[in-house]
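Dumped input.tsv below, it's TSV, C-alpha atoms:
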chain	number	residue	atom	x	y	z
A	176	MET	CA	127.08	51.25	85.65
A	177	ALA	CA	129.86	48.78	86.32
A	178	ASN	CA	127.40	45.92	86.05
A	179	GLU	CA	126.23	47.21	82.66
A	180	HIS	CA	129.79	47.21	81.30
A	181	ASP	CA	130.33	43.79	82.74
A	182	ALA	CA	127.15	42.50	81.06
A	183	ASP	CA	128.30	44.03	77.75
A	184	ILE	CA	131.56	42.12	77.88
A	185	ARG	CA	129.85	38.85	78.68
A	186	GLN	CA	127.36	39.46	75.88
A	187	MET	CA	130.20	40.21	73.47
A	188	TRP	CA	131.90	37.00	74.59
A	189	ARG	CA	128.84	34.85	74.06
A	190	GLN	CA	127.86	36.43	70.76
A	191	GLN	CA	131.18	35.98	69.00
A	192	SER	CA	130.90	34.21	65.70
A	193	ARG	CA	131.78	30.53	65.57
A	194	GLN	CA	134.86	29.50	63.66
A	195	ASP	CA	134.72	25.74	63.71
A	196	GLN	CA	132.04	23.34	62.61
A	197	THR	CA	130.47	21.06	65.17
A	198	MET	CA	131.73	17.51	64.80
A	199	SER	CA	129.23	14.89	63.72
A	200	VAL	CA	128.80	11.72	65.77
A	201	GLU	CA	130.50	9.73	63.00
A	202	GLU	CA	133.48	12.07	63.01
A	203	VAL	CA	133.84	11.89	66.78
A	204	ARG	CA	133.70	8.10	66.63
A	205	ARG	CA	136.34	8.09	63.90
A	206	ARG	CA	138.58	10.44	65.88
A	207	ALA	CA	138.20	8.34	69.03
A	208	ALA	CA	139.34	5.32	67.01
A	209	ASP	CA	142.23	7.38	65.58
A	210	PHE	CA	143.22	8.39	69.09
A	211	ASP	CA	143.29	4.75	70.21
A	212	ARG	CA	145.34	3.79	67.16
A	213	LYS	CA	147.78	6.62	67.85
A	214	VAL	CA	148.23	5.54	71.48
A	215	GLU	CA	148.71	1.95	70.36
A	216	ARG	CA	151.25	3.04	67.74
A	217	TRP	CA	153.28	4.98	70.33
A	218	LYS	CA	153.25	1.94	72.60
A	219	GLN	CA	154.53	-0.17	69.72
A	220	VAL	CA	157.27	2.38	68.93
A	221	GLY	CA	158.30	2.38	72.61
A	222	THR	CA	158.35	-1.41	72.77
A	223	LEU	CA	160.36	-1.62	69.55
A	224	THR	CA	162.88	0.96	70.81
A	225	VAL	CA	163.38	-0.92	74.07
A	226	ALA	CA	163.67	-4.20	72.15
A	227	LEU	CA	166.37	-2.71	69.88
A	228	LEU	CA	168.30	-1.34	72.87
A	229	ILE	CA	168.10	-4.73	74.56
A	230	VAL	CA	169.42	-6.45	71.41
A	231	LYS	CA	172.24	-3.90	71.23
A	232	ASN	CA	173.17	-4.48	74.89
A	233	VAL	CA	172.99	-8.25	74.56
A	234	TRP	CA	175.25	-7.98	71.51
A	235	GLU	CA	177.75	-5.91	73.49
A	236	VAL	CA	177.72	-8.44	76.34
A	237	TRP	CA	178.42	-11.10	73.72
A	238	VAL	CA	181.26	-9.39	71.87
A	239	ASP	CA	183.08	-7.63	74.74
A	240	THR	CA	186.12	-9.60	75.82
A	241	ASP	CA	186.95	-7.67	78.97
A	242	MET	CA	185.14	-9.14	82.01
A	243	LEU	CA	184.59	-5.76	83.67
A	244	GLU	CA	183.07	-4.28	80.52
A	245	ARG	CA	180.85	-7.34	80.13
A	246	ALA	CA	179.67	-6.98	83.69
A	247	GLY	CA	179.01	-3.30	83.00
A	248	ASP	CA	177.00	-4.18	79.88
A	249	CYS	CA	174.95	-6.66	81.91
A	250	LEU	CA	174.17	-4.01	84.52
A	251	MET	CA	173.20	-1.53	81.78
A	252	LEU	CA	170.87	-4.17	80.37
A	253	LEU	CA	169.24	-4.68	83.76
A	254	ALA	CA	168.89	-0.92	84.20
A	255	LEU	CA	167.20	-0.67	80.82
A	256	LEU	CA	164.72	-3.41	81.71
A	257	PHE	CA	164.01	-1.70	85.03
A	258	ILE	CA	163.34	1.66	83.36
A	259	ALA	CA	161.16	0.01	80.70
A	260	TYR	CA	159.13	-1.59	83.48
A	261	ARG	CA	158.70	1.76	85.26
A	262	PHE	CA	157.49	3.46	82.07
A	263	TRP	CA	155.10	0.62	81.41
A	264	ARG	CA	153.68	0.95	84.93
A	265	HIS	CA	153.40	4.71	84.54
A	266	SER	CA	151.57	4.46	81.22
A	267	ARG	CA	149.06	2.02	82.73
A	268	ALA	CA	148.14	4.58	85.39
A	269	GLU	CA	147.32	7.29	82.82
A	270	VAL	CA	143.94	8.97	83.33
A	271	VAL	CA	141.45	7.64	80.82
A	272	PRO	CA	139.21	10.28	79.25
A	273	SER	CA	135.98	8.58	80.38
A	274	THR	CA	136.62	9.54	84.02
A	275	LEU	CA	137.22	13.23	83.43
A	276	GLY	CA	133.72	14.30	84.45
A	277	LEU	CA	133.99	12.63	87.87
A	278	ALA	CA	136.61	15.02	89.23
A	279	SER	CA	136.24	18.74	89.78
A	280	CYS	CA	138.78	20.91	88.01
A	281	ILE	CA	140.87	21.48	91.13
A	282	GLU	CA	140.93	17.76	91.95
A	283	HIS	CA	141.95	16.88	88.43
A	284	TYR	CA	144.60	19.60	88.27
A	285	ARG	CA	146.05	18.63	91.65
A	286	ALA	CA	146.13	14.97	90.62
A	287	ARG	CA	148.02	15.88	87.43
A	288	LEU	CA	150.52	17.99	89.36
A	289	LEU	CA	151.05	15.35	92.04
A	290	ARG	CA	151.61	12.78	89.35
A	291	GLN	CA	154.20	14.96	87.66
A	292	ARG	CA	155.89	15.68	90.98
A	293	GLU	CA	156.02	11.97	91.73
A	294	LEU	CA	157.67	11.37	88.37
A	295	SER	CA	160.24	14.12	88.92
A	296	ARG	CA	160.93	12.91	92.47
A	297	ASP	CA	161.74	9.54	91.00
A	298	ALA	CA	164.31	11.09	88.68
A	299	TRP	CA	167.11	9.43	90.64
A	300	ALA	CA	165.43	6.10	90.11
A	301	PHE	CA	165.63	6.67	86.35
A	302	ILE	CA	169.28	7.66	86.36
A	303	LEU	CA	170.92	5.73	89.18
A	304	PRO	CA	170.32	2.27	87.65
A	305	PHE	CA	172.64	3.22	84.79
A	306	VAL	CA	175.46	4.43	87.04
A	307	PRO	CA	176.94	1.06	88.17
A	308	GLY	CA	176.99	-0.35	84.63
A	309	PHE	CA	178.45	2.82	83.20
A	310	GLY	CA	181.02	2.95	86.00
A	311	LEU	CA	182.13	-0.60	85.35
A	312	ILE	CA	182.47	0.05	81.62
A	313	ILE	CA	184.70	3.06	82.31
A	314	VAL	CA	186.82	1.13	84.82
A	315	GLY	CA	187.09	-1.70	82.29
A	316	ARG	CA	188.33	0.71	79.63
A	317	ALA	CA	190.83	2.22	82.05
A	318	PHE	CA	192.23	-1.24	82.74
A	319	GLU	CA	192.34	-1.91	79.01
A	320	GLY	CA	195.17	0.57	78.88
A	321	ARG	CA	193.37	3.48	77.25
A	322	PRO	CA	194.96	6.91	77.86
A	323	ALA	CA	193.97	8.46	81.18
A	324	SER	CA	192.87	11.65	79.41
A	325	GLN	CA	190.33	9.68	77.33
A	326	VAL	CA	188.93	7.95	80.43
A	327	ALA	CA	188.79	11.28	82.30
A	328	LEU	CA	186.96	12.90	79.41
A	329	LEU	CA	184.43	10.06	79.35
A	330	ILE	CA	183.83	10.44	83.09
A	331	ALA	CA	183.46	14.21	82.78
A	332	VAL	CA	180.94	13.90	79.94
A	333	ALA	CA	178.92	11.30	81.85
A	334	VAL	CA	178.87	13.37	85.04
A	335	ALA	CA	177.89	16.51	83.09
A	336	ILE	CA	175.00	14.70	81.38
A	337	PHE	CA	173.71	13.21	84.64
A	338	ALA	CA	174.00	16.58	86.40
A	339	ALA	CA	172.22	18.43	83.59
A	340	VAL	CA	169.35	15.95	83.56
A	341	LEU	CA	168.95	16.10	87.33
A	342	TRP	CA	169.14	19.91	87.39
A	343	THR	CA	166.45	20.20	84.72
A	344	ILE	CA	164.19	17.78	86.55
A	345	ALA	CA	164.74	19.53	89.90
A	346	ARG	CA	163.89	22.89	88.33
A	347	GLY	CA	160.66	21.49	86.91
A	348	ARG	CA	159.82	19.97	90.27
A	349	ARG	CA	160.21	23.31	92.06
A	350	THR	CA	157.73	24.88	89.61
A	351	ILE	CA	155.28	22.04	90.19
A	352	GLU	CA	155.63	22.36	93.96
A	353	ARG	CA	154.95	26.08	93.83
A	354	GLU	CA	151.78	25.39	91.85
A	355	ILE	CA	150.67	22.70	94.32
A	356	ASP	CA	151.28	25.11	97.22
A	357	ALA	CA	149.20	27.74	95.45
A	358	LEU	CA	146.38	25.20	94.98
A	359	THR	CA	146.45	24.35	98.67
A	360	GLY	CA	145.62	27.96	99.41
A	361	GLU	CA	142.58	27.92	97.11
B	251	MET	CA	124.68	7.65	74.07
B	252	GLU	CA	124.79	8.99	70.53
B	253	ASP	CA	121.65	11.00	71.10
B	254	ARG	CA	123.05	12.41	74.32
B	255	TYR	CA	126.32	13.36	72.66
B	256	ALA	CA	124.45	15.00	69.80
B	257	GLU	CA	122.42	16.97	72.33
B	258	VAL	CA	125.57	18.03	74.20
B	259	ALA	CA	127.31	19.06	70.98
B	260	ARG	CA	124.27	21.08	69.96
B	261	THR	CA	123.78	22.75	73.34
B	262	PHE	CA	127.39	23.37	74.31
B	263	GLY	CA	129.17	23.42	70.94
B	264	ALA	CA	129.64	27.19	70.82
B	265	ALA	CA	130.68	27.41	74.50
B	266	LEU	CA	133.23	24.63	74.01
B	267	GLU	CA	134.67	26.44	71.03
B	268	ARG	CA	135.10	29.59	73.12
B	269	LEU	CA	136.57	27.51	75.93
B	270	ALA	CA	139.16	25.99	73.58
B	271	GLY	CA	140.08	29.51	72.48
B	272	GLY	CA	140.74	30.39	76.10
B	273	TYR	CA	143.42	27.72	76.28
B	274	GLU	CA	145.03	27.78	72.85
B	275	ARG	CA	145.88	30.88	70.85
B	276	ASP	CA	147.08	29.08	67.73
B	277	PRO	CA	144.09	28.16	65.47
B	278	ASP	CA	145.41	24.66	64.71
B	279	ALA	CA	146.13	23.93	68.36
B	280	ARG	CA	142.70	25.29	69.26
B	281	ARG	CA	141.02	23.01	66.71
B	282	ASP	CA	143.01	20.04	68.03
B	283	LEU	CA	141.97	20.83	71.58
B	284	LEU	CA	138.34	21.21	70.57
B	285	GLN	CA	138.42	17.83	68.86
B	286	GLU	CA	140.10	16.30	71.90
B	287	ILE	CA	137.35	17.73	74.11
B	288	HIS	CA	134.64	16.30	71.86
B	289	VAL	CA	136.28	12.87	71.89
B	290	ALA	CA	136.63	13.03	75.69
B	291	LEU	CA	132.97	14.00	75.98
B	292	TRP	CA	131.90	11.22	73.66
B	293	ARG	CA	133.74	8.71	75.83
B	294	SER	CA	132.78	10.20	79.17
B	295	LEU	CA	129.06	10.26	78.50
B	296	ALA	CA	128.97	6.48	78.86
B	297	ARG	CA	130.01	7.05	82.48
B	298	TYR	CA	127.56	9.84	83.17
B	299	ASP	CA	125.28	8.69	85.98
B	300	GLY	CA	123.43	11.88	86.86
B	301	ARG	CA	125.27	12.55	90.11
B	302	CYS	CA	125.74	16.11	88.87
B	303	SER	CA	123.98	18.09	86.18
B	304	LEU	CA	124.90	17.40	82.57
B	305	ARG	CA	126.10	21.00	82.32
B	306	THR	CA	128.57	20.50	85.21
B	307	TRP	CA	129.74	17.23	83.70
B	308	VAL	CA	130.35	18.75	80.27
B	309	TYR	CA	132.31	21.69	81.65
B	310	ARG	CA	134.36	19.45	83.92
B	311	VAL	CA	135.30	17.15	81.07
B	312	ALA	CA	136.13	20.10	78.81
B	313	HIS	CA	138.22	21.99	81.36
B	314	ASN	CA	139.97	18.87	82.63
B	315	THR	CA	140.85	17.87	79.08
B	316	ALA	CA	142.17	21.36	78.40
B	317	ILE	CA	144.09	21.56	81.66
B	318	SER	CA	145.85	18.30	80.82
B	319	ARG	CA	147.29	20.10	77.80
B	320	VAL	CA	148.27	23.16	79.79
B	321	VAL	CA	150.15	21.09	82.36
B	322	ARG	CA	152.17	19.39	79.68
B	323	PRO	CA	155.65	20.91	79.79
B	324	ARG	CA	156.37	23.33	76.99
B	325	ALA	CA	159.62	25.11	76.40
B	326	ALA	CA	157.90	28.25	75.19
B	327	ALA	CA	155.14	28.31	77.80
B	328	PRO	CA	154.50	31.84	79.04
B	329	THR	CA	154.59	32.61	82.74
B	330	LEU	CA	151.04	32.35	84.04
B	331	VAL	CA	149.74	34.77	86.63
B	332	ALA	CA	147.08	34.67	89.32
B	333	ILE	CA	143.99	36.79	89.08
B	334	ASP	CA	144.64	38.18	92.58
B	335	ASP	CA	148.27	39.07	92.03
B	336	ASP	CA	149.52	41.02	89.10
B	337	LEU	CA	146.81	40.83	86.52
B	338	ASP	CA	147.20	44.55	85.93
B	339	SER	CA	150.63	43.88	84.52
B	340	VAL	CA	149.05	41.38	82.16
B	341	ALA	CA	146.66	44.01	80.96
B	342	GLU	CA	149.62	46.19	80.14
B	343	VAL	CA	150.84	43.51	77.78
B	344	VAL	CA	147.75	43.83	75.61
B	345	ASP	CA	147.02	46.85	73.45
B	346	ARG	CA	145.60	49.82	75.32
B	347	GLU	CA	144.56	51.64	72.17
B	348	HIS	CA	141.24	53.51	72.39
B	349	GLY	CA	138.39	52.82	70.03
B	350	VAL	CA	139.23	49.21	69.34
B	351	ASP	CA	136.54	47.28	67.52
B	352	ARG	CA	134.76	44.22	68.82
B	353	ARG	CA	137.23	41.80	67.24
B	354	ARG	CA	140.18	43.52	68.81
B	355	ALA	CA	138.44	43.66	72.16
B	356	LEU	CA	137.87	39.93	71.93
B	357	ASP	CA	141.50	39.34	70.99
B	358	ARG	CA	142.53	41.31	74.05
B	359	LEU	CA	140.16	39.31	76.20
B	360	TYR	CA	141.57	36.02	74.88
B	361	ALA	CA	145.12	37.25	75.45
B	362	LEU	CA	144.21	38.12	79.02
B	363	ILE	CA	142.55	34.75	79.67
B	364	GLN	CA	145.45	32.81	78.20
B	365	ARG	CA	147.87	34.44	80.62
B	366	LEU	CA	145.92	33.32	83.67
B	367	ARG	CA	146.83	30.40	85.85
B	368	PRO	CA	144.65	27.34	85.19
B	369	LEU	CA	142.05	27.68	87.94
B	370	ASP	CA	141.68	31.43	87.50
B	371	ARG	CA	141.30	30.86	83.79
B	372	GLN	CA	138.55	28.33	84.42
B	373	VAL	CA	136.69	30.71	86.71
B	374	MET	CA	137.03	33.51	84.16
B	375	LEU	CA	135.78	31.34	81.28
B	376	LEU	CA	132.83	30.04	83.28
B	377	TYR	CA	131.97	33.54	84.42
B	378	LEU	CA	132.00	34.76	80.83
B	379	GLU	CA	129.63	31.91	79.97
B	380	GLU	CA	127.28	33.41	82.57
B	381	GLU	CA	127.54	30.53	85.00
B	382	ASP	CA	126.61	31.60	88.53
B	383	ALA	CA	128.99	31.32	91.49
B	384	ALA	CA	127.38	28.10	92.76
B	385	SER	CA	127.81	26.39	89.37
B	386	ILE	CA	131.39	27.62	89.05
B	387	ALA	CA	132.12	26.27	92.53
B	388	GLU	CA	130.64	22.89	91.65
B	389	ILE	CA	132.54	22.62	88.38
B	390	THR	CA	135.89	23.83	89.67
B	391	GLY	CA	135.76	22.43	93.20
B	392	LEU	CA	136.62	25.83	94.68
B	393	SER	CA	134.64	27.08	97.66
B	394	ALA	CA	131.71	29.37	96.91
B	395	ALA	CA	133.38	32.16	98.90
B	396	ASN	CA	136.58	31.80	96.90
B	397	VAL	CA	134.64	31.86	93.63
B	398	SER	CA	132.77	34.99	94.73
B	399	THR	CA	136.05	36.72	95.54
B	400	LYS	CA	137.53	35.76	92.19
B	401	VAL	CA	134.40	36.82	90.31
B	402	ARG	CA	134.44	40.20	92.05
B	403	ARG	CA	138.05	40.67	91.00
B	404	ILE	CA	137.26	39.56	87.44
B	405	LYS	CA	134.44	42.09	87.21
B	406	GLN	CA	136.71	44.91	88.30
B	407	ILE	CA	139.38	43.96	85.82
B	408	LEU	CA	136.99	43.49	82.91
B	409	VAL	CA	135.29	46.80	83.52
B	410	ARG	CA	138.57	48.65	83.91
B	411	GLN	CA	140.28	47.11	80.92
B	412	PHE	CA	137.54	46.51	78.40
B	413	HIS	CA	134.49	48.72	78.74
B	414	GLU	CA	135.92	51.37	76.45
B	415	GLY	CA	136.76	48.85	73.78
B	416	THR	CA	133.35	47.23	73.70
B	417	HIS	CA	131.45	50.52	73.67
B	418	HIS	CA	133.51	52.16	70.98
B	419	GLY	CA	133.31	49.04	68.88
B	420	GLU	CA	129.53	48.70	68.87
Let me see the structure of the file written as structure tokens.
Amino acid sequence: MANEHDADIRQMWRQQSRQDQTMSVEEVRRRAADFDRKVERWKQVGTLTVALLIVKNVWEVWVDTDMLERAGDCLMLLALLFIAYRFWRHSRAEVVPSTLGLASCIEHYRARLLRQRELSRDAWAFILPFVPGFGLIIVGRAFEGRPASQVALLIAVAVAIFAAVLWTIARGRRTIEREIDALTGE
Amino acid sequence: MEDRYAEVARTFGAALERLAGGYERDPDARRDLLQEIHVALWRSLARYDGRCSLRTWVYRVAHNTAISRVVRPRAAAPTLVAIDDDLDSVAEVVDREHGVDRRRALDRLYALIQRLRPLDRQVMLLYLEEEDAASIAEITGLSAANVSTKVRRIKQILVRQFHEGTHHGE
């Protein structure tokens, strides 16, 4: 009896009417090309954004008169280049669709999770490079004679932003780790 | 490769459409996923070397493509549950009304599938496609014993939650 019900459900599942049209070979080829163009476009946007940030930082190094602030700007510039390099390396390691059939679902899923966990573990490496430069800029401003309250506010805002980013990443990492643990038991 | 893709699209087109529905509730997102799966298949077939059956290959590519979307962080992502844990509570989320028609029964089934954790969802979808335990194990990478346990649990849940709906609706 139970098997009959079960067969009914599977039959209902398989007999449901189709909603979408099958894609023609030409359409798939076109979409594959679109996908490549889209990826390329995002890479270009990323490169342009980094380039603009570098120009902005170089400009600040050029116009700042205070030595401490200039040193801070230089460190921020280096941090930016370091982060850009890390993102570039990460994007190169992205799974290409042609290999998807080689891995079983559990292998693929675990690989995705491990990759995400690795990224979240490296969160410090994305944030710490900016700390020395930012610190020097704040110290430079303090020596410039700005009111202590303004400097304190700047420090508080910076610390709050760093803490919020790290907390969010740590929370995501805990979720990923729970999922990896659950997979280990499968 | 074009001939092989055309054959795959013809043979598995309907199953892939159902699979996409198991991952995405929103029609636009489902269509996007389906297209992404077809593009991934188109590309992957160049690498197909016969080390597993074409059927296994197609399902692996489709599920792995879909899972890549599920793993992407989403602010509004619902909490996913395991088939062994509290699936009954999931069933309570869906409508328990008697006499539902076939469409509503299917909607309930999709809602149930979409709440499952990725691997359980894959087992459920493959089971619904009438894949046997050995094929499911090969596609998912789970042990045959684990698949059998999950399938047994799926059967119990489906019978308990849906047999009234399907019978009243037909």
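Taking CA of Val314 in chain A and CA of Val326 in chain A as endpoints, the distance between them is 8.4 Å.
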Q: For chain A, list the residues within 10 Å of chain B, counting only C-alpha atoms, and write the list as a PyMOL selection string.
A: chain A and resi 176-208+210+270-284+287-288+291+347+351+354+357-358+361
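Counting only C-alpha atoms, Phe309 in chain A has the following residues at most 7 Å away, ignoring those fewer than 3 positions along the same chain: Gly247, Met251, Phe305, Val306, Ile312 and Ile313 of chain A.
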Please produce a file of those selected residues containing C-alpha atoms, as a CSV table (one decimal), in the frame of the given file.
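File written: out_3.csv
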chain,number,residue,atom,x,y,z
A,247,GLY,CA,179.0,-3.3,83.0
A,251,MET,CA,173.2,-1.5,81.8
A,305,PHE,CA,172.6,3.2,84.8
A,306,VAL,CA,175.5,4.4,87.0
A,312,ILE,CA,182.5,0.0,81.6
A,313,ILE,CA,184.7,3.1,82.3
(Q) Could you tell me how far CA of Val401 in chain B sits from CA of Asp357 in chain B, in Å to one decimal place? (A)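 Separation between CA of Asp357 in chain B and CA of Val401 in chain B: 20.7 Å.
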Q: Kindly indicate which residue among A:Pro304, A:Gly360, A:Lys231, A:Thr350 lies nearest to Leu253 in chain A, using all atoms listed in the file for the distances.
A: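 Using all atoms listed in the file, the shortest distance to Leu253 in chain A belongs to A:Pro304.
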Shell around Ala300 in chain A at 10 Å using only C-alpha atoms, local window under 3 positions removed, as a PDB file with C-alpha atoms, in the frame of the given file:
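Full text of out30.pdb as output:
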ATOM      1  CA  ALA A 254     168.890  -0.920  84.200  1.00  0.00           C
ATOM      2  CA  PHE A 257     164.010  -1.700  85.030  1.00  0.00           C
ATOM      3  CA  ILE A 258     163.340   1.660  83.360  1.00  0.00           C
ATOM      4  CA  ARG A 261     158.700   1.760  85.260  1.00  0.00           C
ATOM      5  CA  LEU A 294     157.670  11.370  88.370  1.00  0.00           C
ATOM      6  CA  SER A 295     160.240  14.120  88.920  1.00  0.00           C
ATOM      7  CA  ARG A 296     160.930  12.910  92.470  1.00  0.00           C
ATOM      8  CA  ASP A 297     161.740   9.540  91.000  1.00  0.00           C
ATOM      9  CA  LEU A 303     170.920   5.730  89.180  1.00  0.00           C
ATOM     10  CA  PRO A 304     170.320   2.270  87.650  1.00  0.00           C
ATOM     11  CA  PHE A 305     172.640   3.220  84.790  1.00  0.00           C
TER      12      PHE A 305
END
(Q) Excluding Val225 in chain A and its own-chain neighbours fewer than 6 positions away, which residues fall within 9 Å of it when counting only C-alpha atoms? Please give them as a VMD selection string. (A) chain A and resid 255 to 256 259
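Here CA of Arg403 in chain B and CA of Ile386 in chain B stand 14.8 Å from one another.
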Q.
Which residues are close to Leu250 in chain A, i.e. within 7 Å by all atoms listed in the file, leaving aside same-chain residues fewer than 4 positions away? Reply as number ranges by chain.
A. A: 246, 254, 307-308
Missing atoms in range 275-290 of chain B need filling: write out N, CA and C atoms for it as a PDB file, keeping the file's coordinate frame.
ATOM      1  N   ARG B 275     145.930  29.704  71.722  1.00  0.00           N
ATOM      2  CA  ARG B 275     145.880  30.880  70.850  1.00  0.00           C
ATOM      3  C   ARG B 275     145.977  30.467  69.376  1.00  0.00           C
ATOM      4  N   ASP B 276     146.854  29.511  69.112  1.00  0.00           N
ATOM      5  CA  ASP B 276     147.080  29.080  67.730  1.00  0.00           C
ATOM      6  C   ASP B 276     145.824  28.360  67.195  1.00  0.00           C
ATOM      7  N   PRO B 277     145.335  28.761  65.994  1.00  0.00           N
ATOM      8  CA  PRO B 277     144.090  28.160  65.470  1.00  0.00           C
ATOM      9  C   PRO B 277     144.158  26.641  65.324  1.00  0.00           C
ATOM     10  N   ASP B 278     145.294  26.115  64.876  1.00  0.00           N
ATOM     11  CA  ASP B 278     145.410  24.660  64.710  1.00  0.00           C
ATOM     12  C   ASP B 278     145.369  23.955  66.067  1.00  0.00           C
ATOM     13  N   ALA B 279     146.108  24.526  67.017  1.00  0.00           N
ATOM     14  CA  ALA B 279     146.130  23.930  68.360  1.00  0.00           C
ATOM     15  C   ALA B 279     144.738  24.010  68.989  1.00  0.00           C
ATOM     16  N   ARG B 280     144.042  25.114  68.716  1.00  0.00           N
ATOM     17  CA  ARG B 280     142.700  25.290  69.260  1.00  0.00           C
ATOM     18  C   ARG B 280     141.747  24.236  68.673  1.00  0.00           C
ATOM     19  N   ARG B 281     141.866  24.014  67.369  1.00  0.00           N
ATOM     20  CA  ARG B 281     141.020  23.010  66.710  1.00  0.00           C
ATOM     21  C   ARG B 281     141.320  21.615  67.271  1.00  0.00           C
ATOM     22  N   ASP B 282     142.618  21.337  67.460  1.00  0.00           N
ATOM     23  CA  ASP B 282     143.010  20.040  68.030  1.00  0.00           C
ATOM     24  C   ASP B 282     142.408  19.850  69.416  1.00  0.00           C
ATOM     25  N   LEU B 283     142.509  20.916  70.216  1.00  0.00           N
ATOM     26  CA  LEU B 283     141.970  20.830  71.580  1.00  0.00           C
ATOM     27  C   LEU B 283     140.461  20.609  71.546  1.00  0.00           C
ATOM     28  N   LEU B 284     139.794  21.337  70.672  1.00  0.00           N
ATOM     29  CA  LEU B 284     138.340  21.210  70.570  1.00  0.00           C
ATOM     30  C   LEU B 284     137.958  19.768  70.203  1.00  0.00           C
ATOM     31  N   GLN B 285     138.696  19.210  69.264  1.00  0.00           N
ATOM     32  CA  GLN B 285     138.420  17.830  68.860  1.00  0.00           C
ATOM     33  C   GLN B 285     138.682  16.865  70.022  1.00  0.00           C
ATOM     34  N   GLU B 286     139.767  17.155  70.760  1.00  0.00           N
ATOM     35  CA  GLU B 286     140.100  16.300  71.900  1.00  0.00           C
ATOM     36  C   GLU B 286     138.985  16.363  72.951  1.00  0.00           C
ATOM     37  N   ILE B 287     138.450  17.561  73.147  1.00  0.00           N
ATOM     38  CA  ILE B 287     137.350  17.730  74.110  1.00  0.00           C
ATOM     39  C   ILE B 287     136.122  16.941  73.658  1.00  0.00           C
ATOM     40  N   HIS B 288     135.807  17.028  72.367  1.00  0.00           N
ATOM     41  CA  HIS B 288     134.640  16.300  71.860  1.00  0.00           C
ATOM     42  C   HIS B 288     134.816  14.786  72.014  1.00  0.00           C
ATOM     43  N   VAL B 289     136.023  14.312  71.737  1.00  0.00           N
ATOM     44  CA  VAL B 289     136.280  12.870  71.890  1.00  0.00           C
ATOM     45  C   VAL B 289     136.162  12.478  73.363  1.00  0.00           C
ATOM     46  N   ALA B 290     136.714  13.313  74.252  1.00  0.00           N
ATOM     47  CA  ALA B 290     136.630  13.030  75.690  1.00  0.00           C
ATOM     48  C   ALA B 290     135.172  13.021  76.156  1.00  0.00           C
TER      49      ALA B 290
END
